[in-house]
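Encoded as C-alpha cells, the structure appears first; notes follow it.
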Number of protein chains: 2
Amino acid sequence: MTTKRPTIDDVARLSGVARVTVSRVLNGGPNVRDEVRARVMQAVETLDYKVNPQARSLAGGASRLLAFVFASDPENEPNSYYESALELGALRACLALGYQVLVQNVPQQTPDREKRILDLITTQRCEGLILSPPYSDDVALIEAALAQGCKVVTVSPGGPGRGKADGVGVDDEAGGYDMTRELLRLGHRRFGFIAGLEGHLSADRRLKGFRKALAEQGLGEGDSVVVRGDFTFRSGTRLAPELLDHPLKPTALVCANDDMAAGVLSAAHARGLSIPQDLSITGFDDAPVAGIVWPPLTTVHQPVKVLGQRAVELLVARLTGVNVSNAAVFDELEHAVVTRQTTTVPRL
Amino acid sequence: MTTKRPTIDDVARLSGVARVTVSRVLNGGPNVRDEVRARVMQAVETLDYKVNPQARSLAGGASRLLAFVFASDPENEPNSYYESALELGALRACLALGYQVLVQNVPQQTPDREKRILDLITTQRCEGLILSPPYSDDVALIEAALAQGCKVVTVSPGGPGRGKADGVGVDDEAGGYDMTRELLRLGHRRFGFIAGLEGHLSADRRLKGFRKALAEQGLGEGDSVVVRGDFTFRSGTRLAPELLDHPLKPTALVCANDDMAAGVLSAAHARGLSIPQDLSITGFDDAPVAGIVWPPLTTVHQPVKVLGQRAVELLVARLTGVNVSNAAVFDELEHAVVTRQTTTVPRL
DNA sequence: AGCGCAATTGGAAGCGCTTCCATAGAGGCG
DNA sequence: CGCCTCTATGGAAGCGCTTCCAATTGCGCT
C-alpha cells in the first residue's frame, strides 16, 4: 500500500557518496564539487526523493513552522475577508520559501487566549508567529512569544505593538485622513463616524485621521458624531439610525471598515434613502463586499494579501538572519482612496 | 534565550519510571497502573512537558498531518466564504482531535495542479486529504492519493467522487428542487437559471433539482432559460442582462450560488428594477453576502462549517480505524430554504 | 506446590536527518 | 622539499520519540 519513501541513505548509496554529502547538497552547503553536486541531484531526481521534514526538524532543531493567529469569528463576523486574504498571502509566501504555516483561530473572547497562542507555538515548535489585529497590539503576548525565542511579526499594529516586533501595515491614519479630505472636497461639513472595536488601535488611527482632516478644515467636535461599532455588518445596521436621527443631520457617514459601511448602506435602503444623493457613505479596506453592495462602495484600498506575504517574508528573513537590522522593522505599504458610487456632493 | 524544552526523558526521570512507560501514559496505552499513570501525569504537569510532534512523527511513522486543498482564487472570486468556513470547521475539529491541517490553495487553472497536490502530501507526509470542489470530483486525483496510502475525504462531491472515498455534503439536488418548488408555489412559471462552473458536479445537481421541480409541475425546456456562470459576483452581473432580455421574460432568476445571485441583484438595481416586485432572485449556500446585499437574499442554507468539521472527523476515524466500515461513507447534512426578501409573487 | 497466563515494566533499536569533528588531498611558500 | 592552510568528504553521535521484545511480578487453577 504505502510504498516506503526513499531516504537520504538511498540517495547517498545511489550517488556513491556519504549521507552527509547529500545533506550538504540538499541544504546548499559549501564545499561540494560541482560534479558531485550534479550526481547527487541526479539521484534525487531518479528516486523522486523528498526530505522528511519531521526528521530534518528533529535533527536540525528548526521546524520551519510558522503560526498565523487571527481573532475574528466568522460565526459573528460574516465577511472575514481580511483574515482570509492575509492567510492566502502568507500561504503563498511560505510555499515559495519552504516554510509551513499553522493557522489558528482564537476568538477574542476566549478566556485563556494568550495561553492558547503560546501553547500552540511551544507544542508545535513554531519558530515564528504572525499576529493580526487585535493581537498585534497585545504587547504582553508579543513579549511572551519573543521570550520563548519565537520571532514575531505583527500585521497592522496600531501603536505599542510597533517597535517591539517587526510589523507590516498601511498608514491607517493617513487612510482616514485621505478619505475624509475627499468628502470635504465634495462639500460635506457634517459627519458621522462609526469607529472600530475597542482595542483595535489600527482602527482608532483611522478615526484620528478623520479628526485631523476636520480640524484642518476648521471643523471641531460639534461638526461630527462618533459612535463605536464592532466591525460587523450588523453593527452598521444597528448604529446607522442613531447617526441618521442625530440632530446634527450628518450628510456623510464614514465607517472604519467596509462591513459596517455595508450595514449602513443596508439600513439606509431600508428607510428609503437614495444613496449617494441623500447620504454619502465610505468604508475602509476595499474588501470584496465593497464591490458587491449596491451601489458599490467608496472606500480606502489596502493590499491585504501583500500584507500577509510581507509578514512571512519579514519573519523568514529574521529567522534566517539575512540582512536584518537589530531593531524592529515596520514595513508600510501603500493605501489608496477608491472612489465608487456611494459618495457625491451633499444635498443642500 | 530559547530555554530548552523538557523531553520525555526528563519526565521519566522525575517520575521514576522508564521512558517507554511515559510514552504509554501519553498515548493512553494499556497496562499502566493508575498510581504510575498519576505520577507521570504529575511530572508532566510540573515540567510543563509537551511531546515533540516532529519526534513522535519520526518514530511512530504517523505525522498527524492533514491537508486541505481548495481551488478558489480569492483574487477572482471575491467572496471565498465557502472555503474559509470549510477551513474553519476543519481547524476546530483538528484542534479537538490533536491533528494539524496544512492548508493549500491550488487554483484550478494551475497546469500541474494534481502533481502539486500529490507533492504536498508526500513532501509533508500528510496522512489525510480533504478535497473541496471541484477537486472532490477528480477521480484520478482521489485514486492517486489513495494509492499513496493517503486517506481522502471529499466535500460535496457531485457524483463519481462518491464511493471512491468518504465524503460529506448536502443533497444539492434536493436543495435546488426545494428552492424551485418555493418559487413555483409563489406562482412563478417562467425561470432563468445561472448554473455553476463546468466540472462542479455538485452545482450541476442544483440545476438537476431545478429541472425536476419544473417537470413535476408540467413545465418543460421552453419555460426556462439556462446559462452558465463561474460562481463569481461578476459573472452574475454579466449574465443577468442576457436572462432579463430573453424573449421568455422570466419572472424569477435561480442562481447556483449566492455570489452570482448578488451579481444579478446588482445588475437589476442598475437597470432600475425593484426587487422583488419586478423580479425574484434566489441564491444557494447562505453565505454572509446573502444577508449583506439589499434586499437580503432568499437562498438555500448549507452548514459549511459543519461540513469542514465532519470531513476531519471522518478522516481521523478512518486513520485511527475506529468503527469504520470498509466501504466509503457519505455523510449527508441538512439543507434548508431560507426565505428573505428577494422573492415574492410574480407580477401579472 | 507448581504451572501457565495476563498484567506491568523496562531495554534496546531505530525513525531520517543534521551537526560536530576528523581525515585526506591539493596547493602555497620560504 | 617540508610544513601549513584550505577544500572536500566521511564517520559518528545524537535529536526525542515509538515499537518490538524480553523480563518481572502476581494470581488462578489443578
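Residue numbering restarts at 1 in every chain; chains get A, B, ... in the order shown in the C-alpha cells, and ligands count up from 1 in that same order.
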
Within 12 Å of D:DT5 using only C-alpha atoms (C1' of nucleotides), minus same-chain residues under 3 positions, as a count of residues only | 4

Show me which bits of chain A are within 8 Å of chain B, counting only C-alpha atoms, as a ChimeraX atom specification.
-> /A:1-3,50-55,57-58,74,78-81,84-85,88,91,100-105,122-125,147-150,233,262-263,266,269,288-289,292-295

For C:DC5, please output as number ranges by chain all residues within 12 Å (counting only C-alpha atoms (C1' of nucleotides); exclusion window: fewer than 6 positions along the same chain).
-> D: 25-29

Using only N, CA and C atoms (P, O5', C5', C4', C3', O3' and C1' of nucleotides), please write the residues we just selected to a file, as a tab-separated table (two decimals), in the first residue's frame.
chain	number	residue	atom	x	y	z
D	25	DT	P	10.74	-9.49	40.39
D	25	DT	O5'	9.17	-9.50	40.53
D	25	DT	C5'	8.44	-8.27	40.38
D	25	DT	C4'	6.98	-8.58	40.17
D	25	DT	C3'	6.37	-9.49	41.24
D	25	DT	O3'	5.55	-8.69	42.08
D	25	DT	C1'	5.59	-9.99	39.03
D	26	DG	P	4.88	-9.32	43.40
D	26	DG	O5'	3.45	-9.74	42.87
D	26	DG	C5'	2.66	-8.78	42.16
D	26	DG	C4'	1.42	-9.45	41.64
D	26	DG	C3'	0.71	-10.34	42.67
D	26	DG	O3'	-0.68	-10.07	42.57
D	26	DG	C1'	1.18	-11.61	40.71
D	27	DC	P	-1.66	-10.56	43.74
D	27	DC	O5'	-2.46	-11.71	43.00
D	27	DC	C5'	-3.13	-11.40	41.77
D	27	DC	C4'	-3.53	-12.67	41.08
D	27	DC	C3'	-4.19	-13.70	42.00
D	27	DC	O3'	-5.45	-14.04	41.48
D	27	DC	C1'	-2.57	-14.71	40.62
D	28	DG	P	-6.51	-14.76	42.38
D	28	DG	O5'	-7.06	-15.84	41.34
D	28	DG	C5'	-7.29	-15.43	40.00
D	28	DG	C4'	-7.31	-16.66	39.11
D	28	DG	C3'	-8.14	-17.81	39.68
D	28	DG	O3'	-8.79	-18.49	38.61
D	28	DG	C1'	-5.88	-18.51	39.45
D	29	DC	P	-9.97	-19.52	38.92
D	29	DC	O5'	-9.36	-20.88	38.40
D	29	DC	C5'	-7.97	-20.91	38.13
D	29	DC	C4'	-7.53	-22.22	37.59
D	29	DC	C3'	-8.25	-23.45	38.16
D	29	DC	O3'	-8.27	-24.48	37.18
D	29	DC	C1'	-6.00	-23.41	38.94

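Once stretch 162-165 of chain B and its same-chain neighbours fewer than 6 positions away are set aside, Ser136, Asp137, Val139, Ile142, Glu143, Leu146, Lys151, Val152, Val153, Thr154, Ser156, Ala327, Ala328, Val329 and Phe330 of chain B remain within 9 Å of it when counting only C-alpha atoms (C1' of nucleotides).
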
Those same residues, written as a compact mmCIF listing (two decimals), in the first residue's frame with C-alpha atoms?
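Dumped to again_23.txt:
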# COMPACT_ATOMS: atom_id res chain seq x y z
CA SER B 136 -13.73 16.47 -4.87
CA ASP B 137 -14.85 15.16 -8.24
CA VAL B 139 -11.41 10.69 -9.54
CA ILE B 142 -8.53 10.76 -5.46
CA GLU B 143 -7.23 7.42 -6.64
CA LEU B 146 -5.39 6.72 -2.10
CA LYS B 151 -6.85 8.71 3.20
CA VAL B 152 -9.23 11.02 1.40
CA VAL B 153 -12.45 12.81 2.26
CA THR B 154 -14.32 14.76 -0.36
CA SER B 156 -19.63 17.98 -1.68
CA ALA B 327 -16.94 0.86 2.17
CA ALA B 328 -16.85 4.58 1.56
CA VAL B 329 -19.15 6.58 3.79
CA PHE B 330 -21.16 9.58 2.69

Tell me, which residues of stretch 86-274 of chain A carry DSSP helix (DSSP H, G or I), written as a ChimeraX atom specification?
-> /A:86-97,113-123,135-137,139-147,172-186,201-216,221-223,233-244,258-270

Go ahead and dump the residues you just picked, C-alpha atoms, as a compact mmCIF listing (two decimals), in the first residue's frame.
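And here's selection.txt as it stands now:
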# COMPACT_ATOMS: atom_id res chain seq x y z
CA LEU A 86 -3.91 37.68 4.96
CA GLU A 87 -3.74 33.94 5.21
CA LEU A 88 -3.64 33.43 1.49
CA GLY A 89 -0.78 35.87 1.14
CA ALA A 90 1.08 34.12 3.92
CA LEU A 91 0.42 30.72 2.38
CA ARG A 92 1.79 31.81 -0.97
CA ALA A 93 4.93 33.25 0.54
CA CYS A 94 5.50 30.14 2.61
CA LEU A 95 5.24 27.94 -0.43
CA ALA A 96 7.98 29.94 -2.06
CA LEU A 97 10.20 29.98 1.00
CA ARG A 113 -6.50 33.21 24.72
CA GLU A 114 -2.89 34.20 25.31
CA LYS A 115 -2.09 30.85 26.79
CA ARG A 116 -3.72 29.16 23.83
CA ILE A 117 -1.48 31.02 21.43
CA LEU A 118 1.65 30.45 23.46
CA ASP A 119 0.76 26.79 23.77
CA LEU A 120 0.44 26.46 20.05
CA ILE A 121 3.90 27.74 19.41
CA THR A 122 5.55 25.62 22.08
CA THR A 123 3.57 22.49 21.37
CA TYR A 135 -3.41 40.52 18.89
CA SER A 136 -0.93 42.66 17.01
CA ASP A 137 -1.33 45.22 19.77
CA VAL A 139 2.34 43.76 23.98
CA ALA A 140 2.32 41.17 26.74
CA LEU A 141 1.65 38.43 24.24
CA ILE A 142 4.32 39.68 21.88
CA GLU A 143 6.88 39.80 24.63
CA ALA A 144 5.95 36.38 25.93
CA ALA A 145 6.40 34.86 22.49
CA LEU A 146 9.66 36.69 21.98
CA ALA A 147 10.89 35.49 25.37
CA ASP A 172 -4.28 53.93 8.81
CA GLU A 173 -4.26 57.50 9.99
CA ALA A 174 -3.37 58.74 6.54
CA GLY A 175 -6.07 56.50 5.12
CA GLY A 176 -8.73 58.01 7.34
CA TYR A 177 -7.38 61.44 6.61
CA ASP A 178 -7.39 60.98 2.84
CA MET A 179 -10.90 59.59 2.78
CA THR A 180 -12.19 62.47 4.85
CA ARG A 181 -10.40 65.03 2.73
CA GLU A 182 -12.19 63.64 -0.28
CA LEU A 183 -15.54 64.10 1.44
CA LEU A 184 -14.62 67.63 2.46
CA ARG A 185 -13.64 68.37 -1.10
CA LEU A 186 -17.10 67.29 -2.21
CA LEU A 201 -5.68 50.52 17.71
CA SER A 202 -5.29 50.38 13.98
CA ALA A 203 -8.94 51.29 13.54
CA ASP A 204 -8.57 54.07 16.08
CA ARG A 205 -5.94 55.60 13.86
CA ARG A 206 -8.48 55.84 11.08
CA LEU A 207 -10.59 57.93 13.44
CA LYS A 208 -7.60 60.03 14.30
CA GLY A 209 -7.01 60.76 10.62
CA PHE A 210 -10.67 61.67 10.25
CA ARG A 211 -10.43 64.17 13.08
CA LYS A 212 -7.24 65.61 11.77
CA ALA A 213 -8.82 66.31 8.39
CA LEU A 214 -11.78 68.01 10.05
CA ALA A 215 -9.55 70.09 12.27
CA GLU A 216 -7.53 71.27 9.29
CA GLU A 221 -16.14 68.34 17.84
CA GLY A 222 -19.55 69.81 17.16
CA ASP A 223 -19.44 69.01 13.48
CA PHE A 233 -22.33 44.35 9.10
CA ARG A 234 -24.89 44.06 11.84
CA SER A 235 -23.31 46.79 13.91
CA GLY A 236 -23.55 49.01 10.86
CA THR A 237 -27.26 48.47 10.50
CA ARG A 238 -27.72 48.91 14.23
CA LEU A 239 -25.77 52.14 14.54
CA ALA A 240 -26.97 53.81 11.36
CA PRO A 241 -30.30 55.05 12.77
CA GLU A 242 -28.53 56.62 15.71
CA LEU A 243 -26.40 58.64 13.33
CA LEU A 244 -29.17 59.44 10.87
CA ASP A 258 -16.38 48.03 4.73
CA ASP A 259 -18.67 45.61 6.51
CA MET A 260 -20.06 48.33 8.73
CA ALA A 261 -20.40 50.60 5.73
CA ALA A 262 -22.36 47.86 4.00
CA GLY A 263 -24.56 47.66 7.08
CA VAL A 264 -25.15 51.38 6.99
CA LEU A 265 -25.98 51.13 3.32
CA SER A 266 -28.50 48.43 4.00
CA ALA A 267 -30.10 50.44 6.80
CA ALA A 268 -30.25 53.47 4.54
CA HIS A 269 -32.03 51.44 1.87
CA ALA A 270 -34.41 50.15 4.47

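Of the listed residues B:Leu47, B:Ala38, B:Val155, B:Ala62, the one whose atoms come nearest to chain C is B:Ala62, with distances taken using only C-alpha atoms (C1' of nucleotides).
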
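For the pair atom CA of B:Thr232 and atom CA of B:Asn257, the interatomic distance is 8.6 Å.
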
What are the residues of chain D that have an atom within 9 Å of an atom of chain A, counting only C-alpha atoms (C1' of nucleotides), as JSON, numbers by chain?
-> {"D": [7, 8, 9, 10, 14, 15, 16]}
